[in-house]
file start32.csv (CSV, C-alpha atoms)
chain,number,residue,atom,x,y,z
A,1,MET,CA,-32.4,-36.3,-49.5
A,2,SER,CA,-34.4,-33.7,-47.7
A,3,GLU,CA,-32.9,-30.8,-49.7
A,4,SER,CA,-35.7,-29.8,-52.1
A,5,GLU,CA,-35.1,-29.7,-55.8
A,6,PRO,CA,-34.4,-26.0,-56.3
A,7,ILE,CA,-32.0,-26.0,-53.4
A,8,GLU,CA,-30.3,-29.1,-54.7
A,9,ARG,CA,-29.9,-27.6,-58.1
A,10,LEU,CA,-28.5,-24.3,-56.7
A,11,VAL,CA,-26.1,-26.2,-54.4
A,12,GLY,CA,-24.9,-28.3,-57.4
A,13,LEU,CA,-24.2,-25.2,-59.6
A,14,LEU,CA,-22.5,-23.3,-56.8
A,15,ALA,CA,-20.3,-26.3,-56.0
A,16,LYS,CA,-18.9,-26.2,-59.5
A,17,LEU,CA,-17.3,-22.9,-58.9
A,18,PRO,CA,-13.5,-23.0,-58.2
A,19,GLY,CA,-13.0,-22.7,-54.4
A,20,LEU,CA,-16.4,-24.0,-53.4
A,21,GLY,CA,-17.2,-27.7,-52.6
A,22,ARG,CA,-20.6,-29.1,-51.9
A,23,ARG,CA,-20.3,-28.4,-48.2
A,24,SER,CA,-19.4,-24.7,-48.6
A,25,ALA,CA,-22.0,-24.4,-51.4
A,26,ARG,CA,-24.7,-25.8,-48.9
A,27,ARG,CA,-23.5,-23.4,-46.3
A,28,ALA,CA,-23.7,-20.4,-48.7
A,29,VAL,CA,-27.2,-21.4,-49.8
A,30,LEU,CA,-28.5,-21.7,-46.3
A,31,ARG,CA,-26.9,-18.3,-45.4
A,32,MET,CA,-28.6,-16.7,-48.5
A,33,LEU,CA,-31.9,-18.3,-47.7
A,34,MET,CA,-32.1,-16.4,-44.5
A,35,HIS,CA,-32.6,-13.2,-46.5
A,36,PRO,CA,-33.3,-14.4,-50.1
A,37,GLU,CA,-34.6,-11.1,-51.4
A,38,ALA,CA,-31.5,-9.2,-50.2
A,39,THR,CA,-28.9,-11.8,-51.2
A,40,MET,CA,-30.1,-14.1,-54.0
A,41,LEU,CA,-32.0,-11.7,-56.2
A,42,PRO,CA,-29.2,-9.1,-56.5
A,43,LEU,CA,-26.7,-12.0,-57.1
A,44,ALA,CA,-29.0,-13.4,-59.8
A,45,GLU,CA,-29.3,-10.0,-61.4
A,46,ALA,CA,-25.5,-9.3,-61.3
A,47,LEU,CA,-24.9,-12.7,-62.9
A,48,ARG,CA,-27.4,-12.1,-65.7
A,49,GLU,CA,-26.1,-8.6,-66.3
A,50,ALA,CA,-22.4,-9.7,-66.4
A,51,ALA,CA,-23.3,-12.6,-68.7
A,52,GLU,CA,-25.2,-10.3,-71.1
A,53,ALA,CA,-23.0,-7.2,-70.9
A,54,VAL,CA,-19.4,-8.4,-70.5
A,55,ARG,CA,-17.4,-9.4,-73.6
A,56,PRO,CA,-13.8,-9.7,-74.6
A,57,CYS,CA,-12.2,-6.5,-76.0
A,58,ALA,CA,-11.6,-7.0,-79.8
A,59,VAL,CA,-8.3,-5.3,-79.5
A,60,CYS,CA,-6.6,-6.7,-76.4
A,61,GLY,CA,-8.8,-9.5,-75.1
A,62,ASN,CA,-9.6,-7.8,-71.7
A,63,LEU,CA,-13.1,-8.3,-70.4
A,64,ASP,CA,-15.4,-5.3,-70.3
A,65,THR,CA,-18.9,-4.1,-71.2
A,66,ARG,CA,-17.6,-2.3,-74.3
A,67,SER,CA,-15.2,-3.2,-77.0
A,68,PRO,CA,-12.6,-1.7,-77.3
A,69,CYS,CA,-12.3,-1.9,-73.5
A,70,ALA,CA,-11.9,1.0,-71.1
A,71,ILE,CA,-8.1,0.6,-71.0
A,72,CYS,CA,-7.8,0.6,-74.9
A,73,ARG,CA,-10.0,3.7,-75.0
A,74,ASP,CA,-8.2,5.6,-72.2
A,75,PRO,CA,-6.3,8.5,-73.8
A,76,ARG,CA,-4.0,8.7,-70.8
A,77,ARG,CA,-2.5,5.3,-71.3
A,78,GLU,CA,0.9,5.0,-73.1
A,79,ARG,CA,-0.1,3.6,-76.5
A,80,GLY,CA,3.6,2.7,-77.2
A,81,VAL,CA,3.9,0.0,-74.6
A,82,ILE,CA,1.9,-3.3,-74.8
A,83,CYS,CA,2.1,-5.7,-71.9
A,84,VAL,CA,1.4,-9.3,-72.9
A,85,VAL,CA,-0.3,-11.5,-70.3
A,86,GLU,CA,-1.5,-15.1,-70.2
A,87,GLY,CA,-5.1,-14.3,-69.0
A,88,VAL,CA,-7.4,-11.6,-67.7
A,89,ALA,CA,-6.6,-12.5,-64.1
A,90,ASP,CA,-3.0,-11.4,-64.7
A,91,LEU,CA,-4.2,-8.2,-66.3
A,92,TRP,CA,-6.3,-7.4,-63.3
A,93,ALA,CA,-3.4,-8.2,-60.9
A,94,LEU,CA,-1.1,-5.7,-62.8
A,95,GLU,CA,-3.9,-3.1,-62.8
A,96,ARG,CA,-4.4,-3.5,-59.0
A,97,ALA,CA,-0.6,-3.1,-58.5
A,98,GLN,CA,-0.8,0.1,-60.8
A,99,VAL,CA,2.6,-0.7,-62.2
A,100,HIS,CA,1.8,-0.6,-66.0
A,101,ARG,CA,0.5,2.6,-67.7
A,102,GLY,CA,0.5,1.2,-71.2
A,103,LEU,CA,-1.9,-1.2,-73.0
A,104,TYR,CA,-2.4,-4.9,-72.7
A,105,HIS,CA,-2.6,-8.0,-74.9
A,106,VAL,CA,-4.3,-11.1,-73.4
A,107,LEU,CA,-3.0,-14.3,-75.0
A,108,GLY,CA,-5.6,-16.6,-73.6
A,109,GLY,CA,-3.1,-19.2,-72.4
A,110,THR,CA,0.5,-20.3,-73.0
A,111,LEU,CA,2.0,-22.6,-75.6
A,112,SER,CA,1.9,-26.2,-74.2
A,113,ALA,CA,3.2,-29.2,-76.0
A,114,LEU,CA,1.6,-31.5,-73.4
A,115,GLY,CA,-1.7,-29.6,-73.3
A,116,GLY,CA,-1.8,-29.5,-77.1
A,117,VAL,CA,-1.9,-25.7,-77.2
A,118,GLY,CA,-0.3,-24.3,-80.4
A,119,PRO,CA,0.3,-20.7,-81.6
A,120,GLU,CA,-3.0,-20.7,-83.5
A,121,ASP,CA,-4.9,-21.4,-80.2
A,122,LEU,CA,-3.6,-18.1,-78.7
A,123,ALA,CA,-4.1,-14.5,-79.6
A,124,ILE,CA,-0.6,-14.3,-81.2
A,125,ARG,CA,-1.5,-13.4,-84.8
A,126,SER,CA,-3.4,-10.3,-83.5
A,127,LEU,CA,-0.5,-9.3,-81.3
A,128,VAL,CA,1.9,-9.5,-84.2
A,129,ALA,CA,-0.5,-7.5,-86.3
A,130,ARG,CA,-0.9,-4.8,-83.6
A,131,VAL,CA,2.9,-4.4,-83.4
A,132,ALA,CA,3.3,-4.4,-87.2
A,133,GLU,CA,0.4,-2.0,-87.8
A,134,GLY,CA,2.7,1.0,-87.3
A,135,GLY,CA,0.6,2.4,-84.4
A,136,GLY,CA,3.8,3.5,-82.7
A,137,VAL,CA,4.3,0.5,-80.6
A,138,GLU,CA,7.8,0.9,-79.1
A,139,GLU,CA,8.0,-1.9,-76.5
A,140,VAL,CA,6.3,-5.2,-75.8
A,141,ILE,CA,6.6,-6.4,-72.2
A,142,LEU,CA,6.2,-10.2,-71.9
A,143,ALA,CA,4.5,-10.6,-68.5
A,144,LEU,CA,4.2,-14.4,-68.7
A,145,PRO,CA,4.3,-16.9,-65.8
A,146,ALA,CA,7.7,-18.2,-64.8
A,147,THR,CA,6.9,-21.7,-65.9
A,148,VAL,CA,8.3,-23.9,-68.6
A,149,ASP,CA,5.2,-23.1,-70.8
A,150,GLY,CA,5.6,-19.4,-70.0
A,151,ALA,CA,9.2,-19.4,-71.0
A,152,THR,CA,8.5,-21.3,-74.2
A,153,THR,CA,5.8,-18.8,-75.1
A,154,ALA,CA,8.1,-15.9,-74.4
A,155,HIS,CA,10.8,-17.4,-76.7
A,156,TYR,CA,8.3,-18.0,-79.4
A,157,LEU,CA,6.9,-14.5,-79.2
A,158,THR,CA,10.4,-13.0,-79.2
A,159,ASP,CA,11.1,-14.8,-82.4
A,160,ARG,CA,7.8,-13.7,-84.0
A,161,LEU,CA,8.2,-10.1,-82.9
A,162,ARG,CA,11.9,-9.6,-83.6
A,163,PRO,CA,11.4,-8.7,-87.4
A,164,SER,CA,9.3,-5.7,-86.4
A,165,GLY,CA,12.3,-4.2,-84.6
A,166,VAL,CA,10.1,-3.5,-81.5
A,167,ARG,CA,11.9,-3.5,-78.1
A,168,ILE,CA,11.0,-6.8,-76.3
A,169,THR,CA,11.4,-7.1,-72.6
A,170,ARG,CA,10.3,-9.5,-70.0
A,171,LEU,CA,9.6,-9.2,-66.2
A,172,ALA,CA,12.7,-9.4,-64.0
A,173,GLN,CA,13.5,-12.6,-62.2
A,174,GLY,CA,11.6,-11.4,-59.1
A,175,VAL,CA,8.7,-13.6,-60.1
A,176,PRO,CA,9.0,-16.9,-58.2
A,177,ILE,CA,9.7,-20.0,-60.3
A,178,GLY,CA,6.4,-21.9,-60.9
A,179,GLY,CA,4.3,-19.1,-59.6
A,180,ALA,CA,1.2,-17.6,-61.2
A,181,LEU,CA,1.1,-13.9,-61.7
A,182,ASP,CA,-2.3,-13.2,-60.1
A,183,VAL,CA,-1.3,-14.5,-56.6
A,184,LEU,CA,1.8,-12.2,-56.3
A,185,ASP,CA,1.8,-9.3,-53.9
A,186,ASP,CA,1.8,-5.8,-55.5
A,187,GLY,CA,5.3,-5.0,-54.3
A,188,THR,CA,6.9,-8.0,-56.0
A,189,LEU,CA,4.9,-7.3,-59.2
A,190,ALA,CA,6.1,-3.6,-59.1
A,191,ALA,CA,9.7,-4.7,-58.6
A,192,ALA,CA,9.5,-7.2,-61.5
A,193,VAL,CA,8.0,-4.6,-63.9
A,194,LYS,CA,10.7,-2.0,-62.9
A,195,ALA,CA,13.6,-4.4,-63.4
A,196,ARG,CA,12.4,-5.7,-66.7
A,197,ARG,CA,15.3,-6.5,-69.1
A,198,PRO,CA,15.7,-7.1,-72.9
A,199,ALA,CA,14.6,-10.6,-74.0
B,1,MET,CA,-9.3,-0.7,-61.4
B,2,SER,CA,-9.6,-2.4,-64.8
B,3,GLU,CA,-12.5,-4.6,-63.7
B,4,SER,CA,-15.5,-3.2,-65.3
B,5,GLU,CA,-18.5,-2.2,-63.2
B,6,PRO,CA,-20.7,-5.3,-63.7
B,7,ILE,CA,-17.8,-7.6,-63.0
B,8,GLU,CA,-16.9,-5.5,-59.9
B,9,ARG,CA,-20.4,-5.8,-58.6
B,10,LEU,CA,-20.6,-9.6,-59.2
B,11,VAL,CA,-17.2,-10.1,-57.5
B,12,GLY,CA,-18.4,-8.1,-54.5
B,13,LEU,CA,-21.6,-10.0,-54.1
B,14,LEU,CA,-19.9,-13.4,-54.5
B,15,ALA,CA,-17.1,-12.4,-52.1
B,16,LYS,CA,-19.8,-12.0,-49.4
B,17,LEU,CA,-20.7,-15.7,-49.4
B,18,PRO,CA,-19.2,-17.7,-46.6
B,19,GLY,CA,-16.1,-19.6,-47.8
B,20,LEU,CA,-15.3,-17.2,-50.7
B,21,GLY,CA,-13.0,-14.2,-50.4
B,22,ARG,CA,-12.4,-11.5,-53.1
B,23,ARG,CA,-9.7,-13.5,-54.7
B,24,SER,CA,-11.7,-16.7,-55.1
B,25,ALA,CA,-14.7,-14.7,-56.2
B,26,ARG,CA,-12.6,-13.1,-58.9
B,27,ARG,CA,-11.4,-16.5,-60.0
B,28,ALA,CA,-14.9,-17.9,-60.0
B,29,VAL,CA,-16.2,-14.9,-62.1
B,30,LEU,CA,-13.3,-15.3,-64.7
B,31,ARG,CA,-14.0,-19.0,-64.9
B,32,MET,CA,-17.7,-18.4,-65.5
B,33,LEU,CA,-17.0,-15.6,-68.1
B,34,MET,CA,-15.3,-18.2,-70.3
B,35,HIS,CA,-18.8,-19.7,-70.9
B,36,PRO,CA,-21.3,-17.1,-69.6
B,37,GLU,CA,-24.4,-18.6,-71.1
B,38,ALA,CA,-23.6,-22.1,-69.8
B,39,THR,CA,-22.6,-21.1,-66.3
B,40,MET,CA,-24.0,-17.7,-65.3
B,41,LEU,CA,-27.5,-17.8,-66.7
B,42,PRO,CA,-28.3,-21.2,-65.1
B,43,LEU,CA,-26.9,-20.0,-61.8
B,44,ALA,CA,-28.9,-16.7,-62.0
B,45,GLU,CA,-32.1,-18.7,-62.8
B,46,ALA,CA,-31.4,-21.2,-59.9
B,47,LEU,CA,-30.9,-18.3,-57.5
B,48,ARG,CA,-34.1,-16.6,-58.6
B,49,GLU,CA,-36.1,-19.8,-58.5
B,50,ALA,CA,-34.8,-20.7,-55.0
B,51,ALA,CA,-35.4,-17.2,-53.7
B,52,GLU,CA,-39.0,-17.3,-55.0
B,53,ALA,CA,-39.9,-20.9,-54.3
B,54,VAL,CA,-38.2,-21.9,-51.1
B,55,ARG,CA,-39.8,-21.0,-47.8
B,56,PRO,CA,-39.7,-22.3,-44.2
B,57,CYS,CA,-42.1,-25.2,-43.4
B,58,ALA,CA,-44.9,-23.8,-41.1
B,59,VAL,CA,-44.8,-27.0,-39.1
B,60,CYS,CA,-41.1,-27.9,-38.6
B,61,GLY,CA,-39.1,-25.0,-40.0
B,62,ASN,CA,-37.3,-27.0,-42.7
B,63,LEU,CA,-36.8,-25.2,-46.1
B,64,ASP,CA,-38.8,-26.5,-49.0
B,65,THR,CA,-40.9,-25.3,-52.0
B,66,ARG,CA,-44.1,-26.3,-50.2
B,67,SER,CA,-45.3,-25.9,-46.7
B,68,PRO,CA,-45.7,-28.3,-44.9
B,69,CYS,CA,-42.4,-29.6,-46.3
B,70,ALA,CA,-41.8,-33.0,-48.0
B,71,ILE,CA,-40.7,-34.6,-44.8
B,72,CYS,CA,-43.8,-33.4,-42.8
B,73,ARG,CA,-46.0,-34.6,-45.7
B,74,ASP,CA,-44.3,-38.0,-46.1
B,75,PRO,CA,-46.7,-40.7,-44.9
B,76,ARG,CA,-43.8,-43.2,-44.5
B,77,ARG,CA,-42.1,-41.1,-41.7
B,78,GLU,CA,-42.7,-42.1,-38.1
B,79,ARG,CA,-45.0,-39.3,-36.8
B,80,GLY,CA,-44.4,-40.2,-33.2
B,81,VAL,CA,-40.7,-39.1,-33.1
B,82,ILE,CA,-39.6,-35.5,-33.5
B,83,CYS,CA,-36.0,-34.7,-33.8
B,84,VAL,CA,-35.1,-31.2,-32.6
B,85,VAL,CA,-32.2,-29.5,-34.4
B,86,GLU,CA,-30.6,-26.1,-34.2
B,87,GLY,CA,-30.7,-25.3,-37.9
B,88,VAL,CA,-31.6,-26.6,-41.3
B,89,ALA,CA,-28.0,-27.6,-42.0
B,90,ASP,CA,-28.2,-30.1,-39.1
B,91,LEU,CA,-31.5,-31.5,-40.5
B,92,TRP,CA,-29.8,-32.0,-43.9
B,93,ALA,CA,-26.8,-33.7,-42.2
B,94,LEU,CA,-29.1,-36.2,-40.4
B,95,GLU,CA,-31.1,-36.8,-43.6
B,96,ARG,CA,-27.8,-37.5,-45.5
B,97,ALA,CA,-26.8,-40.0,-42.8
B,98,GLN,CA,-30.3,-41.6,-43.1
B,99,VAL,CA,-30.4,-42.3,-39.4
B,100,HIS,CA,-33.7,-40.7,-38.4
B,101,ARG,CA,-37.1,-41.8,-39.9
B,102,GLY,CA,-39.3,-39.5,-37.8
B,103,LEU,CA,-40.1,-35.8,-38.2
B,104,TYR,CA,-38.0,-32.7,-37.3
B,105,HIS,CA,-38.3,-29.4,-35.5
B,106,VAL,CA,-35.9,-26.6,-36.4
B,107,LEU,CA,-35.3,-24.3,-33.5
B,108,GLY,CA,-33.5,-21.6,-35.5
B,109,GLY,CA,-30.6,-21.3,-33.0
B,110,THR,CA,-29.8,-22.1,-29.4
B,111,LEU,CA,-30.3,-20.2,-26.2
B,112,SER,CA,-27.4,-17.8,-25.6
B,113,ALA,CA,-27.1,-15.5,-22.7
B,114,LEU,CA,-24.1,-13.8,-24.3
B,115,GLY,CA,-25.7,-13.6,-27.7
B,116,GLY,CA,-29.0,-12.3,-26.2
B,117,VAL,CA,-31.0,-15.2,-27.6
B,118,GLY,CA,-34.0,-16.0,-25.4
B,119,PRO,CA,-36.7,-18.7,-25.6
B,120,GLU,CA,-39.0,-16.3,-27.5
B,121,ASP,CA,-36.4,-16.0,-30.3
B,122,LEU,CA,-36.5,-19.7,-31.1
B,123,ALA,CA,-39.3,-22.0,-32.3
B,124,ILE,CA,-39.9,-23.4,-28.8
B,125,ARG,CA,-43.5,-22.4,-28.4
B,126,SER,CA,-44.4,-24.2,-31.6
B,127,LEU,CA,-42.5,-27.3,-30.4
B,128,VAL,CA,-44.3,-27.4,-27.1
B,129,ALA,CA,-47.6,-27.0,-29.0
B,130,ARG,CA,-46.8,-29.9,-31.4
B,131,VAL,CA,-46.1,-32.2,-28.5
B,132,ALA,CA,-49.1,-31.1,-26.5
B,133,GLU,CA,-51.4,-31.2,-29.5
B,134,GLY,CA,-52.0,-34.9,-28.9
B,135,GLY,CA,-50.8,-35.9,-32.4
B,136,GLY,CA,-49.3,-39.1,-30.9
B,137,VAL,CA,-45.8,-37.7,-30.3
B,138,GLU,CA,-44.0,-40.4,-28.2
B,139,GLU,CA,-40.5,-39.2,-28.3
B,140,VAL,CA,-38.5,-35.9,-28.7
B,141,ILE,CA,-34.9,-36.4,-29.7
B,142,LEU,CA,-32.8,-33.3,-28.8
B,143,ALA,CA,-30.1,-33.4,-31.5
B,144,LEU,CA,-28.4,-30.2,-30.4
B,145,PRO,CA,-24.7,-29.2,-30.6
B,146,ALA,CA,-22.5,-30.4,-27.8
B,147,THR,CA,-21.7,-26.8,-26.8
B,148,VAL,CA,-22.6,-24.9,-23.6
B,149,ASP,CA,-25.5,-23.2,-25.5
B,150,GLY,CA,-26.6,-26.5,-26.9
B,151,ALA,CA,-26.6,-28.1,-23.4
B,152,THR,CA,-28.4,-25.0,-21.9
B,153,THR,CA,-31.1,-25.3,-24.6
B,154,ALA,CA,-31.5,-29.1,-24.1
B,155,HIS,CA,-32.0,-28.5,-20.3
B,156,TYR,CA,-34.5,-25.7,-21.0
B,157,LEU,CA,-36.4,-27.9,-23.5
B,158,THR,CA,-36.4,-30.8,-21.1
B,159,ASP,CA,-38.0,-28.6,-18.4
B,160,ARG,CA,-40.6,-27.3,-20.9
B,161,LEU,CA,-41.6,-30.7,-22.3
B,162,ARG,CA,-41.5,-32.7,-19.2
B,163,PRO,CA,-45.2,-31.9,-18.2
B,164,SER,CA,-46.4,-33.5,-21.5
B,165,GLY,CA,-45.0,-36.8,-20.3
B,166,VAL,CA,-43.3,-37.4,-23.7
B,167,ARG,CA,-40.1,-39.4,-23.8
B,168,ILE,CA,-37.2,-37.0,-24.1
B,169,THR,CA,-33.8,-38.3,-25.4
B,170,ARG,CA,-30.6,-36.7,-26.6
B,171,LEU,CA,-27.8,-37.9,-28.8
B,172,ALA,CA,-25.2,-40.1,-27.3
B,173,GLN,CA,-21.8,-38.7,-26.2
B,174,GLY,CA,-20.3,-39.7,-29.6
B,175,VAL,CA,-20.7,-36.1,-30.7
B,176,PRO,CA,-17.3,-34.3,-30.2
B,177,ILE,CA,-17.3,-31.6,-27.6
B,178,GLY,CA,-17.6,-28.2,-29.3
B,179,GLY,CA,-18.4,-29.7,-32.6
B,180,ALA,CA,-21.1,-28.7,-35.0
B,181,LEU,CA,-23.5,-31.4,-36.2
B,182,ASP,CA,-23.3,-30.6,-39.9
B,183,VAL,CA,-19.6,-31.4,-40.2
B,184,LEU,CA,-19.8,-34.9,-38.6
B,185,ASP,CA,-19.3,-38.0,-40.7
B,186,ASP,CA,-22.3,-40.2,-41.2
B,187,GLY,CA,-21.0,-43.1,-39.1
B,188,THR,CA,-20.5,-40.9,-36.0
B,189,LEU,CA,-24.0,-39.4,-36.5
B,190,ALA,CA,-25.5,-42.8,-36.9
B,191,ALA,CA,-23.8,-44.1,-33.7
B,192,ALA,CA,-24.9,-41.1,-31.7
B,193,VAL,CA,-28.5,-41.5,-32.8
B,194,LYS,CA,-28.5,-45.2,-32.0
B,195,ALA,CA,-27.0,-44.7,-28.5
B,196,ARG,CA,-29.3,-41.9,-27.6
B,197,ARG,CA,-30.3,-41.9,-23.9
B,198,PRO,CA,-33.0,-40.4,-21.6
B,199,ALA,CA,-32.4,-36.7,-20.8

call {"tool": "encode", "arguments": {"input": "start32.csv", "output": "structure tokens"}}
result
Amino acid sequence: MSESEPIERLVGLLAKLPGLGRRSARRAVLRMLMHPEATMLPLAEALREAAEAVRPCAVCGNLDTRSPCAICRDPRRERGVICVVEGVADLWALERAQVHRGLYHVLGGTLSALGGVGPEDLAIRSLVARVAEGGGVEEVILALPATVDGATTAHYLTDRLRPSGVRITRLAQGVPIGGALDVLDDGTLAAAVKARRPA
Amino acid sequence: MSESEPIERLVGLLAKLPGLGRRSARRAVLRMLMHPEATMLPLAEALREAAEAVRPCAVCGNLDTRSPCAICRDPRRERGVICVVEGVADLWALERAQVHRGLYHVLGGTLSALGGVGPEDLAIRSLVARVAEGGGVEEVILALPATVDGATTAHYLTDRLRPSGVRITRLAQGVPIGGALDVLDDGTLAAAVKARRPA
């Protein structure tokens, strides 16, 4: 190999990122090495800053530099509506579509018998507590993926939340079967939020 | 936007890399934020190290932590054969294929009337000097892309090097027309080097 050791190490680390293989990682490194000060040092600094500053929000599980996160602290958000999502990518997708003005709750996954994911592996206890707390939560929107695991999780959450008397809705059937939320276009997401129906 | 500022900045920088758009950059950042210490800090360190340590070899233009580079310093390489390539990616491709045991010379591009790239923009003067120096260079292999600009550059180099009396060869016609060297499979590269013919 003619690739020197620091280059080899950098290519190896970049190639581990989703969406980049070794060939694209090599191309990216060569491109950056044409202007290392202007490209590599800012990226290194941004990585270090994100690694040090970004943490999960203790309330909703969103990622931000402060906890509670900017959404939980925002006085203009409707505090009576909590939108439950599988992951932070789905939260970002809904925010980009600007269709939800309430708060969020990130589960950190969906229930999966095959994957060995049980209720205690997800942020379900904290969701039930938020709803039971009496903070004026009126509606919980289950914005979960239209997969078997997503539907299982929605049923489980409906059962757990029903005693609280809160209104439970889920996204309309505009979400394509088998599709992930974070690859949907904004219009479809908006339609699905608007047409949400009782669970 | 719910993405906090450090995340936003990191996504923006990653999205500039060739092969990554904003969506894949976001996915990569979320994946890394699941284990920031194990993924982001090593990558930040590797970027910083590469930016600080890697430089072009003063002899051949290869990228390495030392100048002259490991290939130029290697006593086992045939010093009488110089392989001329357009860029470092092509040098890496030839090294991976293990078909060339001599030295290299990285031009840093090809002549291009449309792109406004003239002989003085490429490492041509230093190549002519290396050959004229009397260091025992017996053959120059022109391993340039099979494009119009590659062929133009090969002709120009042949004219410039002919007075030295050095043997000038180019890769056999196994290289696909319009193809870039660094995406070829090793077998095709090996065949093309073996069947090289006088220019």

call {"tool": "closest_residue", "arguments": {"input": "start32.csv", "among": "B:Arg196, B:His100, B:Arg27, B:Arg162", "to": "B:Val128", "atoms": "only C-alpha atoms"}}
result
B:Arg162

call {"tool": "residues_around", "arguments": {"input": "start32.csv", "residues": "stretch 102-116 of chain A", "least_positions_apart": "6", "cutoff": "7 Å", "atoms": "all atoms listed in the file", "output": "MDAnalysis selection string"}}
result
chainID A and resid 60:62 71:72 77:88 122:124 127 149:150 152:153

call {"tool": "residues_around", "arguments": {"input": "start32.csv", "residues": "stretch 52-56 of chain A", "least_positions_apart": "3", "cutoff": "12 Å", "atoms": "all atoms listed in the file", "output": "ChimeraX atom specification"}}
result
/A:45-49,59-70,72,87-88,105-108,123 /B:3-8,10,29-30,32-38,40-41,44

call {"tool": "residues_around", "arguments": {"input": "start32.csv", "residues": "B:Ala146", "least_positions_apart": "3", "cutoff": "10 Å", "atoms": "all atoms listed in the file", "output": "tab-separated table (two decimals) with C-alpha atoms, in the frame of the given file"}}
result
chain	number	residue	atom	x	y	z
B	143	ALA	CA	-30.10	-33.40	-31.50
B	149	ASP	CA	-25.50	-23.20	-25.50
B	150	GLY	CA	-26.60	-26.50	-26.90
B	151	ALA	CA	-26.60	-28.10	-23.40
B	152	THR	CA	-28.40	-25.00	-21.90
B	154	ALA	CA	-31.50	-29.10	-24.10
B	171	LEU	CA	-27.80	-37.90	-28.80
B	173	GLN	CA	-21.80	-38.70	-26.20
B	174	GLY	CA	-20.30	-39.70	-29.60
B	175	VAL	CA	-20.70	-36.10	-30.70
B	176	PRO	CA	-17.30	-34.30	-30.20
B	177	ILE	CA	-17.30	-31.60	-27.60
B	178	GLY	CA	-17.60	-28.20	-29.30
B	179	GLY	CA	-18.40	-29.70	-32.60
B	180	ALA	CA	-21.10	-28.70	-35.00
B	181	LEU	CA	-23.50	-31.40	-36.20

call {"tool": "closest_residue", "arguments": {"input": "start32.csv", "among": "A:Ser24, A:Gln98, A:Val140, A:Ala15", "to": "A:Ala190", "atoms": "all atoms listed in the file"}}
result
A:Gln98

call {"tool": "atom_distance", "arguments": {"input": "start32.csv", "atom1": "atom CA of B:Val193", "atom2": "atom CA of B:Glu120"}}
result
27.8 Å
